[in-house]
>>> print(open('work34.cif').read())   # mmCIF, C-alpha atoms and all ligand atoms
data_protein
loop_
_atom_site.group_PDB
_atom_site.id
_atom_site.type_symbol
_atom_site.label_atom_id
_atom_site.label_comp_id
_atom_site.auth_asym_id
_atom_site.auth_seq_id
_atom_site.Cartn_x
_atom_site.Cartn_y
_atom_site.Cartn_z
ATOM 1 C CA MET A 1 15.634 29.436 3.903
ATOM 2 C CA ILE A 2 13.849 26.498 2.301
ATOM 3 C CA ASP A 3 10.604 27.746 0.828
ATOM 4 C CA ILE A 4 9.167 24.716 -0.926
ATOM 5 C CA ALA A 5 9.363 20.962 -0.351
ATOM 6 C CA ILE A 6 9.350 18.491 -3.237
ATOM 7 C CA PHE A 7 8.703 14.793 -2.952
ATOM 8 C CA TRP A 8 7.669 11.757 -4.880
ATOM 9 C CA HIS A 9 5.172 8.986 -4.223
ATOM 10 C CA LYS A 10 5.436 6.129 -1.760
ATOM 11 C CA ALA A 11 7.172 3.033 -3.130
ATOM 12 C CA PRO A 12 9.089 5.196 -5.586
ATOM 13 C CA ASP A 13 10.580 4.273 -8.945
ATOM 14 C CA THR A 14 13.475 5.864 -10.800
ATOM 15 C CA ASP A 15 11.332 8.312 -12.793
ATOM 16 C CA SER A 16 9.743 9.736 -9.680
ATOM 17 C CA ILE A 17 13.042 10.284 -7.920
ATOM 18 C CA CYS A 18 14.906 11.661 -10.927
ATOM 19 C CA SER A 19 11.970 13.934 -11.691
ATOM 20 C CA SER A 20 11.923 15.340 -8.162
ATOM 21 C CA LEU A 21 15.621 16.183 -8.425
ATOM 22 C CA ILE A 22 15.141 17.610 -11.921
ATOM 23 C CA PHE A 23 12.208 19.724 -10.774
ATOM 24 C CA ALA A 24 14.173 21.018 -7.773
ATOM 25 C CA GLN A 25 16.755 22.399 -10.190
ATOM 26 C CA TYR A 26 13.950 23.906 -12.275
ATOM 27 C CA LEU A 27 12.493 25.716 -9.259
ATOM 28 C CA LYS A 28 15.949 26.995 -8.304
ATOM 29 C CA ASN A 29 16.063 28.600 -11.718
ATOM 30 C CA LYS A 30 12.762 30.235 -10.828
ATOM 31 C CA TRP A 31 14.223 31.741 -7.653
ATOM 32 C CA TYR A 32 12.850 29.206 -5.227
ATOM 33 C CA ASN A 33 14.924 27.466 -2.604
ATOM 34 C CA PRO A 34 13.528 23.933 -2.762
ATOM 35 C CA LYS A 35 14.369 20.845 -0.771
ATOM 36 C CA VAL A 36 13.711 17.311 -1.989
ATOM 37 C CA TYR A 37 12.498 14.677 0.462
ATOM 38 C CA LYS A 38 11.607 11.051 0.122
ATOM 39 C CA LEU A 39 8.632 9.232 1.684
ATOM 40 C CA TRP A 40 10.099 5.784 1.295
ATOM 41 C CA ASN A 41 13.409 4.044 0.756
ATOM 42 C CA LEU A 42 14.938 3.962 -2.705
ATOM 43 C CA ASN A 43 14.756 0.818 -4.762
ATOM 44 C CA ASN A 44 18.057 -0.746 -5.794
ATOM 45 C CA GLU A 45 17.875 0.687 -9.304
ATOM 46 C CA THR A 46 17.639 4.278 -8.139
ATOM 47 C CA ALA A 47 20.189 3.784 -5.375
ATOM 48 C CA TYR A 48 22.594 2.504 -8.030
ATOM 49 C CA LEU A 49 21.947 5.516 -10.275
ATOM 50 C CA LEU A 50 22.406 8.160 -7.560
ATOM 51 C CA ASN A 51 25.561 6.442 -6.419
ATOM 52 C CA MET A 52 26.865 6.369 -10.000
ATOM 53 C CA LEU A 53 26.227 10.111 -10.365
ATOM 54 C CA ASN A 54 27.595 10.871 -6.892
ATOM 55 C CA MET A 55 24.321 12.431 -5.862
ATOM 56 C CA GLU A 56 23.055 12.708 -2.321
ATOM 57 C CA VAL A 57 20.130 10.555 -1.190
ATOM 58 C CA PRO A 58 17.354 12.817 0.172
ATOM 59 C CA GLU A 59 16.127 12.600 3.743
ATOM 60 C CA THR A 60 13.023 10.487 4.547
ATOM 61 C CA ILE A 61 9.901 12.087 6.005
ATOM 62 C CA SER A 62 6.307 10.974 6.593
ATOM 63 C CA SER A 63 4.746 14.381 7.257
ATOM 64 C CA LEU A 64 5.653 18.092 7.142
ATOM 65 C CA PRO A 65 4.653 21.058 9.328
ATOM 66 C CA PRO A 66 1.214 22.523 8.450
ATOM 67 C CA TRP A 67 1.226 25.177 5.700
ATOM 68 C CA THR A 68 4.494 23.987 4.195
ATOM 69 C CA ARG A 69 4.461 24.789 0.496
ATOM 70 C CA ILE A 70 4.861 21.630 -1.531
ATOM 71 C CA ALA A 71 5.340 20.309 -5.032
ATOM 72 C CA ILE A 72 4.430 16.715 -5.810
ATOM 73 C CA VAL A 73 6.006 14.894 -8.691
ATOM 74 C CA ASP A 74 5.071 11.748 -10.660
ATOM 75 C CA HIS A 75 1.824 11.199 -8.731
ATOM 76 C CA ASN A 76 -1.360 13.015 -7.716
ATOM 77 C CA GLU A 77 -3.456 10.516 -5.742
ATOM 78 C CA LYS A 78 -3.963 11.059 -2.028
ATOM 79 C CA ALA A 79 -3.399 7.396 -1.254
ATOM 80 C CA GLN A 80 0.097 7.609 -2.715
ATOM 81 C CA THR A 81 1.345 10.823 -1.168
ATOM 82 C CA ILE A 82 2.492 12.330 2.120
ATOM 83 C CA ASP A 83 0.244 11.503 5.078
ATOM 84 C CA ASN A 84 -0.771 15.054 6.036
ATOM 85 C CA ILE A 85 -1.282 16.405 2.503
ATOM 86 C CA ASP A 86 -4.495 18.180 3.570
ATOM 87 C CA GLU A 87 -2.578 20.441 5.970
ATOM 88 C CA LEU A 88 -0.062 21.526 3.338
ATOM 89 C CA GLU A 89 -0.061 24.164 0.610
ATOM 90 C CA LEU A 90 0.017 22.249 -2.652
ATOM 91 C CA GLU A 91 1.559 24.543 -5.289
ATOM 92 C CA TYR A 92 2.724 22.250 -8.061
ATOM 93 C CA ILE A 93 1.838 18.885 -9.569
ATOM 94 C CA ILE A 94 4.055 17.552 -12.357
ATOM 95 C CA ASP A 95 2.835 14.188 -13.563
ATOM 96 C CA HIS A 96 1.947 11.721 -16.298
ATOM 97 C CA HIS A 97 -0.723 9.593 -14.573
ATOM 98 C CA LYS A 98 -4.488 9.654 -14.500
ATOM 99 C CA PHE A 99 -5.883 12.369 -12.269
ATOM 100 C CA SER A 100 -8.000 11.977 -9.171
ATOM 101 C CA VAL A 101 -7.211 15.049 -7.199
ATOM 102 C CA ASN A 102 -9.303 17.671 -5.483
ATOM 103 C CA THR A 103 -7.510 20.815 -4.405
ATOM 104 C CA ASN A 104 -8.505 23.582 -2.019
ATOM 105 C CA SER A 105 -6.713 26.388 -3.814
ATOM 106 C CA PRO A 106 -5.351 27.237 -7.265
ATOM 107 C CA LEU A 107 -2.100 25.624 -8.254
ATOM 108 C CA PHE A 108 0.237 24.892 -11.148
ATOM 109 C CA ILE A 109 -0.487 21.569 -12.845
ATOM 110 C CA ARG A 110 1.446 20.155 -15.752
ATOM 111 C CA ALA A 111 0.730 16.639 -16.932
ATOM 112 C CA GLU A 112 1.176 15.024 -20.292
ATOM 113 C CA ARG A 113 0.582 11.680 -21.885
ATOM 114 C CA LEU A 114 4.286 10.834 -22.066
ATOM 115 C CA CYS A 115 6.240 7.796 -20.878
ATOM 116 C CA SER A 116 7.878 9.572 -17.962
ATOM 117 C CA THR A 117 7.517 12.671 -15.833
ATOM 118 C CA ALA A 118 11.098 13.425 -16.843
ATOM 119 C CA SER A 119 9.918 13.872 -20.458
ATOM 120 C CA VAL A 120 7.414 16.468 -19.255
ATOM 121 C CA LEU A 121 10.157 18.271 -17.345
ATOM 122 C CA TYR A 122 12.462 18.197 -20.355
ATOM 123 C CA LYS A 123 9.841 20.141 -22.295
ATOM 124 C CA MET A 124 9.370 22.604 -19.435
ATOM 125 C CA TYR A 125 13.105 23.340 -19.354
ATOM 126 C CA LYS A 126 13.156 23.827 -23.126
ATOM 127 C CA GLU A 127 10.124 26.093 -23.143
ATOM 128 C CA ASN A 128 11.637 28.253 -20.442
ATOM 129 C CA TRP A 129 15.152 28.321 -21.913
ATOM 130 C CA LEU A 130 16.571 27.178 -18.573
ATOM 131 C CA PRO A 131 20.166 26.017 -18.191
ATOM 132 C CA ILE A 132 20.645 22.322 -17.349
ATOM 133 C CA SER A 133 23.685 20.634 -15.848
ATOM 134 C CA LYS A 134 25.150 17.422 -17.229
ATOM 135 C CA GLU A 135 23.828 15.572 -14.176
ATOM 136 C CA ILE A 136 20.272 16.705 -14.818
ATOM 137 C CA TRP A 137 20.462 15.677 -18.485
ATOM 138 C CA THR A 138 21.619 12.237 -17.353
ATOM 139 C CA LEU A 139 18.809 11.959 -14.787
ATOM 140 C CA MET A 140 16.317 12.776 -17.546
ATOM 141 C CA LEU A 141 17.671 10.095 -19.827
ATOM 142 C CA ALA A 142 17.794 7.485 -17.044
ATOM 143 C CA ALA A 143 14.199 8.239 -16.051
ATOM 144 C CA ILE A 144 12.911 7.988 -19.614
ATOM 145 C CA LEU A 145 14.727 4.711 -20.320
ATOM 146 C CA SER A 146 13.681 3.264 -16.960
ATOM 147 C CA ASP A 147 10.001 4.255 -17.030
ATOM 148 C CA SER A 148 9.587 3.189 -20.653
ATOM 149 C CA LEU A 149 11.512 -0.051 -20.012
ATOM 150 C CA LEU A 150 13.846 0.940 -22.850
ATOM 151 C CA PHE A 151 10.856 1.993 -25.014
ATOM 152 C CA ARG A 152 9.176 -1.433 -24.628
ATOM 153 C CA SER A 153 6.311 -0.152 -22.509
ATOM 154 C CA ALA A 154 3.023 0.774 -24.192
ATOM 155 C CA THR A 155 3.301 4.218 -22.600
ATOM 156 C CA THR A 156 6.166 5.182 -24.918
ATOM 157 C CA THR A 157 5.267 7.890 -27.436
ATOM 158 C CA LYS A 158 7.036 9.198 -30.530
ATOM 159 C CA GLU A 159 7.796 12.358 -28.584
ATOM 160 C CA ASP A 160 9.598 10.382 -25.860
ATOM 161 C CA THR A 161 11.866 8.737 -28.410
ATOM 162 C CA ILE A 162 12.665 12.126 -29.970
ATOM 163 C CA ILE A 163 13.488 13.552 -26.532
ATOM 164 C CA ALA A 164 15.722 10.549 -25.822
ATOM 165 C CA GLU A 165 17.545 11.118 -29.125
ATOM 166 C CA GLU A 166 18.151 14.757 -28.193
ATOM 167 C CA LEU A 167 19.423 13.635 -24.787
ATOM 168 C CA LYS A 168 21.723 11.148 -26.499
ATOM 169 C CA ASN A 169 23.404 13.978 -28.399
ATOM 170 C CA ILE A 170 23.727 16.115 -25.290
ATOM 171 C CA THR A 171 24.951 13.470 -22.841
ATOM 172 C CA GLN A 172 27.003 11.522 -25.378
ATOM 173 C CA ILE A 173 25.484 8.368 -23.904
ATOM 174 C CA ASN A 174 25.203 6.610 -27.221
ATOM 175 C CA ASP A 175 24.399 3.069 -26.208
ATOM 176 C CA PHE A 176 21.110 3.160 -24.270
ATOM 177 C CA LYS A 177 21.159 -0.574 -23.593
ATOM 178 C CA GLU A 178 24.636 -0.509 -22.137
ATOM 179 C CA PHE A 179 23.644 2.470 -19.964
ATOM 180 C CA ILE A 180 20.349 1.103 -18.622
ATOM 181 C CA ASN A 181 21.069 -2.627 -18.274
ATOM 182 C CA PRO A 182 23.111 -2.307 -15.055
ATOM 183 C CA LEU A 183 20.182 -0.338 -13.628
ATOM 184 C CA PHE A 184 17.699 -3.047 -14.601
ATOM 185 C CA GLU A 185 20.056 -5.629 -13.126
ATOM 186 C CA ALA A 186 20.305 -3.620 -9.893
ATOM 187 C CA LYS A 187 16.519 -3.352 -9.719
ATOM 188 C CA SER A 188 16.240 -7.118 -10.176
ATOM 189 C CA ASP A 189 18.615 -7.878 -7.354
ATOM 190 C CA LEU A 190 15.932 -9.038 -4.944
ATOM 191 C CA TRP A 191 17.714 -11.830 -3.136
ATOM 192 C CA ASP A 192 18.446 -9.894 -0.006
ATOM 193 C CA LEU A 193 14.961 -8.408 0.369
ATOM 194 C CA ASP A 194 12.682 -9.690 3.077
ATOM 195 C CA ILE A 195 9.242 -10.599 1.811
ATOM 196 C CA GLU A 196 7.531 -7.439 3.041
ATOM 197 C CA SER A 197 10.011 -5.182 1.247
ATOM 198 C CA LEU A 198 9.768 -7.388 -1.811
ATOM 199 C CA ILE A 199 6.042 -7.028 -2.213
ATOM 200 C CA LYS A 200 6.024 -3.383 -1.220
ATOM 201 C CA TYR A 201 8.741 -2.648 -3.769
ATOM 202 C CA ASP A 202 6.399 -0.885 -6.118
ATOM 203 C CA TYR A 203 2.813 -0.915 -4.909
ATOM 204 C CA LYS A 204 0.214 1.655 -5.723
ATOM 205 C CA GLU A 205 -3.050 2.180 -3.976
ATOM 206 C CA PHE A 206 -6.071 3.389 -5.934
ATOM 207 C CA GLU A 207 -9.524 4.325 -4.828
ATOM 208 C CA VAL A 208 -12.354 3.613 -7.222
ATOM 209 C CA ALA A 209 -15.976 4.138 -6.225
ATOM 210 C CA TRP A 210 -14.909 4.162 -2.543
ATOM 211 C CA LYS A 211 -13.186 0.833 -2.941
ATOM 212 C CA LYS A 212 -9.502 0.397 -2.213
ATOM 213 C CA LEU A 213 -7.418 -1.469 -4.768
ATOM 214 C CA TRP A 214 -3.754 -2.302 -4.459
ATOM 215 C CA VAL A 215 -1.833 -3.007 -7.620
ATOM 216 C CA TRP A 216 1.769 -4.088 -7.424
ATOM 217 C CA THR A 217 4.259 -4.241 -10.218
ATOM 218 C CA LEU A 218 7.605 -5.849 -9.769
ATOM 219 C CA GLU A 219 9.726 -5.120 -12.826
ATOM 220 C CA THR A 220 12.639 -7.464 -13.075
ATOM 221 C CA VAL A 221 14.996 -9.281 -15.403
ATOM 222 C CA ASN A 222 14.783 -12.256 -13.013
ATOM 223 C CA PRO A 223 11.099 -13.052 -12.406
ATOM 224 C CA SER A 224 11.967 -16.340 -10.732
ATOM 225 C CA TYR A 225 13.315 -14.410 -7.702
ATOM 226 C CA ALA A 226 9.766 -13.430 -6.905
ATOM 227 C CA LEU A 227 7.831 -16.344 -8.349
ATOM 228 C CA TRP A 228 9.589 -19.018 -6.352
ATOM 229 C CA ARG A 229 8.475 -17.183 -3.207
ATOM 230 C CA LYS A 230 4.835 -17.234 -4.307
ATOM 231 C CA ASP A 231 3.497 -19.006 -1.207
ATOM 232 C CA GLU A 232 5.148 -16.543 1.150
ATOM 233 C CA ILE A 233 3.866 -13.689 -1.014
ATOM 234 C CA LEU A 234 0.305 -15.033 -0.913
ATOM 235 C CA LYS A 235 0.406 -15.093 2.890
ATOM 236 C CA TRP A 236 1.384 -11.426 2.883
ATOM 237 C CA LEU A 237 -1.205 -10.466 0.301
ATOM 238 C CA LYS A 238 -3.862 -12.075 2.483
ATOM 239 C CA LYS A 239 -2.688 -10.206 5.555
ATOM 240 C CA ILE A 240 -2.500 -6.860 3.723
ATOM 241 C CA LYS A 241 -5.885 -7.323 2.099
ATOM 242 C CA GLU A 242 -7.470 -7.939 5.509
ATOM 243 C CA ASP A 243 -5.532 -5.335 7.499
ATOM 244 C CA SER A 244 -6.159 -2.538 4.993
ATOM 245 C CA SER A 245 -9.743 -3.579 4.123
ATOM 246 C CA LEU A 246 -8.960 -3.820 0.435
ATOM 247 C CA GLU A 247 -11.472 -4.762 -2.202
ATOM 248 C CA PHE A 248 -8.845 -6.152 -4.543
ATOM 249 C CA ILE A 249 -5.157 -6.922 -4.600
ATOM 250 C CA MET A 250 -2.759 -8.191 -7.272
ATOM 251 C CA LEU A 251 0.967 -8.427 -7.792
ATOM 252 C CA SER A 252 2.336 -8.413 -11.319
ATOM 253 C CA VAL A 253 5.804 -9.802 -11.819
ATOM 254 C CA VAL A 254 6.909 -8.133 -15.036
ATOM 255 C CA ASP A 255 9.752 -9.697 -16.970
ATOM 256 C CA ILE A 256 11.288 -6.656 -18.651
ATOM 257 C CA PHE A 257 13.602 -8.744 -20.774
ATOM 258 C CA TRP A 258 11.072 -11.167 -22.259
ATOM 259 C CA GLU A 259 8.223 -8.640 -21.983
ATOM 260 C CA ASN A 260 5.819 -10.834 -20.078
ATOM 261 C CA ASN A 261 3.530 -10.194 -17.106
ATOM 262 C CA THR A 262 2.844 -13.033 -14.637
ATOM 263 C CA THR A 263 0.368 -11.897 -12.013
ATOM 264 C CA ILE A 264 -0.073 -13.401 -8.557
ATOM 265 C CA VAL A 265 -3.746 -13.436 -7.560
ATOM 266 C CA LEU A 266 -4.872 -14.045 -3.982
ATOM 267 C CA ASP A 267 -8.327 -15.637 -3.812
ATOM 268 C CA TRP A 268 -11.272 -16.768 -5.910
ATOM 269 C CA ILE A 269 -12.952 -13.357 -5.796
ATOM 270 C CA ASP A 270 -9.901 -11.604 -7.193
ATOM 271 C CA SER A 271 -9.394 -14.486 -9.632
ATOM 272 C CA LYS A 272 -12.855 -13.989 -11.096
ATOM 273 C CA ILE A 273 -12.157 -10.293 -11.565
ATOM 274 C CA VAL A 274 -8.774 -10.890 -13.194
ATOM 275 C CA GLU A 275 -10.200 -13.560 -15.474
ATOM 276 C CA GLU A 276 -13.052 -11.335 -16.570
ATOM 277 C CA ILE A 277 -11.054 -8.161 -17.112
ATOM 278 C CA PHE A 278 -7.965 -9.577 -18.728
ATOM 279 C CA ASN A 279 -9.585 -12.499 -20.500
ATOM 280 C CA THR A 280 -7.258 -15.056 -18.979
ATOM 281 C CA LYS A 281 -7.308 -18.082 -16.634
ATOM 282 C CA VAL A 282 -5.974 -18.119 -13.098
ATOM 283 C CA GLU A 283 -4.263 -21.364 -12.189
ATOM 284 C CA ASN A 284 -2.435 -21.977 -8.910
ATOM 285 C CA ASN A 285 -2.878 -18.278 -8.099
ATOM 286 C CA LEU A 286 -1.045 -17.277 -11.275
ATOM 287 C CA ALA A 287 -2.408 -15.479 -14.327
ATOM 288 C CA ASN A 288 -0.570 -14.798 -17.537
ATOM 289 C CA LEU A 289 -1.283 -11.207 -18.536
ATOM 290 C CA LYS A 290 1.038 -11.516 -21.529
ATOM 291 C CA ASN A 291 2.668 -8.296 -22.666
ATOM 292 C CA ARG A 292 0.866 -5.932 -20.304
ATOM 293 C CA LEU A 293 4.003 -4.197 -19.073
ATOM 294 C CA SER A 294 2.398 -0.887 -18.192
ATOM 295 C CA ARG A 295 0.304 -0.658 -15.060
ATOM 296 C CA LYS A 296 -0.953 2.832 -15.830
ATOM 297 C CA LYS A 297 -1.998 2.075 -19.396
ATOM 298 C CA GLN A 298 -2.801 -1.632 -19.550
ATOM 299 C CA VAL A 299 -3.943 -2.583 -16.048
ATOM 300 C CA VAL A 300 -5.356 0.340 -14.050
ATOM 301 C CA PRO A 301 -7.787 1.622 -16.738
ATOM 302 C CA GLU A 302 -9.417 -1.831 -17.024
ATOM 303 C CA LEU A 303 -9.655 -2.170 -13.242
ATOM 304 C CA THR A 304 -11.086 1.316 -12.853
ATOM 305 C CA GLU A 305 -13.721 0.622 -15.478
ATOM 306 C CA TYR A 306 -14.665 -2.659 -13.810
ATOM 307 C CA PHE A 307 -15.047 -1.195 -10.328
ATOM 308 C CA ASN A 308 -16.924 1.838 -11.604
ATOM 309 C CA ARG A 309 -19.599 -0.408 -13.096
HETATM 310 MN MN MN B 1 6.646 7.929 -13.861
#
>>> encode(input="work34.cif", output="structure tokens")
Amino acid sequence: MIDIAIFWHKAPDTDSICSSLIFAQYLKNKWYNPKVYKLWNLNNETAYLLNMLNMEVPETISSLPPWTRIAIVDHNEKAQTIDNIDELELEYIIDHHKFSVNTNSPLFIRAERLCSTASVLYKMYKENWLPISKEIWTLMLAAILSDSLLFRSATTTKEDTIIAEELKNITQINDFKEFINPLFEAKSDLWDLDIESLIKYDYKEFEVAWKKLWVWTLETVNPSYALWRKDEILKWLKKIKEDSSLEFIMLSVVDIFWENNTTIVLDWIDSKIVEEIFNTKVENNLANLKNRLSRKKQVVPELTEYFNR
């Protein structure tokens, strides 16, 4: 019988999915019988990875029966998780983001300031002397390389690079670039996406001082795929901002090869905010945020501070 459900955040990235699968194995070692679900479709990068490793794609859900015991991975904000979270028994949070969670009962929380949730899980396995299969080692490495954008992101720590070196020895994947580039390419393959899927590829909703902010990041080796559809994107941003009563919305197109962030900004109100916070100019709805590759470290903290004022 399944006794605990594990899932990752809406609009998932590779770290969140790998980490859910890695944590499922961890809980099995602790005599649980977990099942991993997804709340959203996989992006092309993760689909490519699971296919490469011959791993099953988890079933999609939007809610679970009341009192189901759950573990949430790579997120902790209500806006990003399963719809009926308040009816469920939250037992575990494994994460590496800022915290804004209120819980009704005691639970296990493990979060560290590392580049990926997979790095946190690597340490948990080591500390507990748990056995790990080759597949799980590979998922860990993929998640670390993906979330750190091959160590280019400002979230990367010394510890992450040491963990990656240890994983290199174990997996015998010696050329990180050769291993991760096809994944980055797969993620950047946005031609066939309709505009709604494109802009919802990796959005995150935040609530600051009762205001709703949506911050998108589209990591790609081909930023032109998104930028040449700017007008269509702006129409959607407008619609979403109105429909969801948002205070602020932005979409960062992050060039992971040249390490540059071009952000699409909707209106003059948002433009003023972006200009003030990031010390830049918005022209034709575009702002150059330079090498701000990391949403969690170089974008969200500034926004949070601004809206808390
Ligand atoms: Mn992550």
>>> residues_near_point(input="work34.cif", point="(13.0, 5.7, -21.9)", cutoff="12 Å", atoms="all atoms listed in the file", output="ChimeraX atom specification")
/A:14-15,114-119,138-165,167-168,176-177,179-180
>>> closest_residue(input="work34.cif", among="A:Tyr48, A:Tyr26, A:Trp40, A:Trp216", to="Lys123 of chain A", atoms="all atoms listed in the file")
A:Tyr26
>>> resolve_selection(input="work34.cif", expression="the PyMOL selection byres (((chain A and resi 107) around 12) and not hetatm)", output="VMD selection string")
chain A and resid 69 to 72 89 to 94 101 to 106 108 to 110
>>> resolve_selection(input="work34.cif", expression="the PyMOL selection byres (((chain A and resi 299) around 12) and not hetatm)", output="PyMOL selection string")
chain A and resi 154-155+204+206+213-217+250-252+261+263+274+277-278+289-298+300-306
>>> atom_distance(input="work34.cif", atom1="atom CA of Ser271 of chain A", atom2="atom CA of Asn285 of chain A")
7.7 Å
>>> resolve_selection(input="work34.cif", expression="the PyMOL selection byres (((chain A and resi 236) around 12) and not hetatm)", output="PyMOL selection string")
chain A and resi 194-200+229-235+237-244+249-251+264-266
>>> residues_around(input="work34.cif", residues="Glu219 of chain A", least_positions_apart="6", cutoff="7 Å", atoms="only C-alpha atoms", output="MDAnalysis selection string")
chainID A and resid 253:256
>>> build_atoms(input="work34.cif", residues="segment 281-305 of chain A", atoms="N, CA and C atoms", output="mmCIF file, keeping the file's coordinate frame")
data_model
loop_
_atom_site.group_PDB
_atom_site.id
_atom_site.type_symbol
_atom_site.label_atom_id
_atom_site.label_comp_id
_atom_site.auth_asym_id
_atom_site.auth_seq_id
_atom_site.Cartn_x
_atom_site.Cartn_y
_atom_site.Cartn_z
ATOM 1 N N LYS A 281 -6.945 -17.090 -17.648
ATOM 2 C CA LYS A 281 -7.308 -18.082 -16.634
ATOM 3 C C LYS A 281 -6.334 -17.981 -15.471
ATOM 4 N N VAL A 282 -6.862 -18.098 -14.255
ATOM 5 C CA VAL A 282 -5.974 -18.119 -13.098
ATOM 6 C C VAL A 282 -5.789 -19.566 -12.676
ATOM 7 N N GLU A 283 -4.547 -20.004 -12.639
ATOM 8 C CA GLU A 283 -4.263 -21.364 -12.189
ATOM 9 C C GLU A 283 -3.167 -21.317 -11.146
ATOM 10 N N ASN A 284 -3.389 -22.011 -10.027
ATOM 11 C CA ASN A 284 -2.435 -21.977 -8.910
ATOM 12 C C ASN A 284 -2.065 -20.551 -8.521
ATOM 13 N N ASN A 285 -3.059 -19.688 -8.461
ATOM 14 C CA ASN A 285 -2.878 -18.278 -8.099
ATOM 15 C C ASN A 285 -2.025 -17.487 -9.083
ATOM 16 N N LEU A 286 -1.841 -18.006 -10.283
ATOM 17 C CA LEU A 286 -1.045 -17.277 -11.275
ATOM 18 C C LEU A 286 -1.878 -17.026 -12.527
ATOM 19 N N ALA A 287 -1.730 -15.815 -13.066
ATOM 20 C CA ALA A 287 -2.408 -15.479 -14.327
ATOM 21 C C ALA A 287 -1.377 -14.930 -15.293
ATOM 22 N N ASN A 288 -1.476 -15.349 -16.534
ATOM 23 C CA ASN A 288 -0.570 -14.798 -17.537
ATOM 24 C C ASN A 288 -1.242 -13.594 -18.202
ATOM 25 N N LEU A 289 -0.705 -12.415 -17.933
ATOM 26 C CA LEU A 289 -1.283 -11.207 -18.536
ATOM 27 C C LEU A 289 -0.484 -10.782 -19.767
ATOM 28 N N LYS A 290 0.283 -11.707 -20.276
ATOM 29 C CA LYS A 290 1.038 -11.516 -21.529
ATOM 30 C C LYS A 290 1.894 -10.250 -21.517
ATOM 31 N N ASN A 291 1.739 -9.432 -22.562
ATOM 32 C CA ASN A 291 2.668 -8.296 -22.666
ATOM 33 C C ASN A 291 2.140 -7.011 -22.033
ATOM 34 N N ARG A 292 1.313 -7.136 -21.007
ATOM 35 C CA ARG A 292 0.866 -5.932 -20.304
ATOM 36 C C ARG A 292 1.975 -5.464 -19.366
ATOM 37 N N LEU A 293 2.872 -4.654 -19.886
ATOM 38 C CA LEU A 293 4.003 -4.197 -19.073
ATOM 39 C C LEU A 293 3.647 -2.929 -18.295
ATOM 40 N N SER A 294 2.675 -2.188 -18.790
ATOM 41 C CA SER A 294 2.398 -0.887 -18.192
ATOM 42 C C SER A 294 1.173 -0.931 -17.289
ATOM 43 N N ARG A 295 1.420 -0.703 -16.008
ATOM 44 C CA ARG A 295 0.304 -0.658 -15.060
ATOM 45 C C ARG A 295 -0.641 0.480 -15.404
ATOM 46 N N LYS A 296 -0.076 1.675 -15.667
ATOM 47 C CA LYS A 296 -0.953 2.832 -15.830
ATOM 48 C C LYS A 296 -1.775 2.760 -17.104
ATOM 49 N N LYS A 297 -1.270 2.079 -18.128
ATOM 50 C CA LYS A 297 -1.998 2.075 -19.396
ATOM 51 C C LYS A 297 -2.721 0.765 -19.680
ATOM 52 N N GLN A 298 -2.227 -0.344 -19.165
ATOM 53 C CA GLN A 298 -2.801 -1.632 -19.550
ATOM 54 C C GLN A 298 -3.423 -2.417 -18.400
ATOM 55 N N VAL A 299 -3.362 -1.875 -17.186
ATOM 56 C CA VAL A 299 -3.943 -2.583 -16.048
ATOM 57 C C VAL A 299 -4.949 -1.691 -15.296
ATOM 58 N N VAL A 300 -4.498 -0.527 -14.863
ATOM 59 C CA VAL A 300 -5.356 0.340 -14.050
ATOM 60 C C VAL A 300 -6.621 0.810 -14.795
ATOM 61 N N PRO A 301 -6.545 1.190 -16.063
ATOM 62 C CA PRO A 301 -7.787 1.622 -16.738
ATOM 63 C C PRO A 301 -8.855 0.526 -16.739
ATOM 64 N N GLU A 302 -8.472 -0.717 -17.000
ATOM 65 C CA GLU A 302 -9.417 -1.831 -17.024
ATOM 66 C C GLU A 302 -10.019 -2.045 -15.639
ATOM 67 N N LEU A 303 -9.171 -1.991 -14.614
ATOM 68 C CA LEU A 303 -9.655 -2.170 -13.242
ATOM 69 C C LEU A 303 -10.622 -1.052 -12.848
ATOM 70 N N THR A 304 -10.251 0.159 -13.190
ATOM 71 C CA THR A 304 -11.086 1.316 -12.853
ATOM 72 C C THR A 304 -12.453 1.168 -13.503
ATOM 73 N N GLU A 305 -12.453 0.782 -14.767
ATOM 74 C CA GLU A 305 -13.721 0.622 -15.478
ATOM 75 C C GLU A 305 -14.581 -0.449 -14.809
#
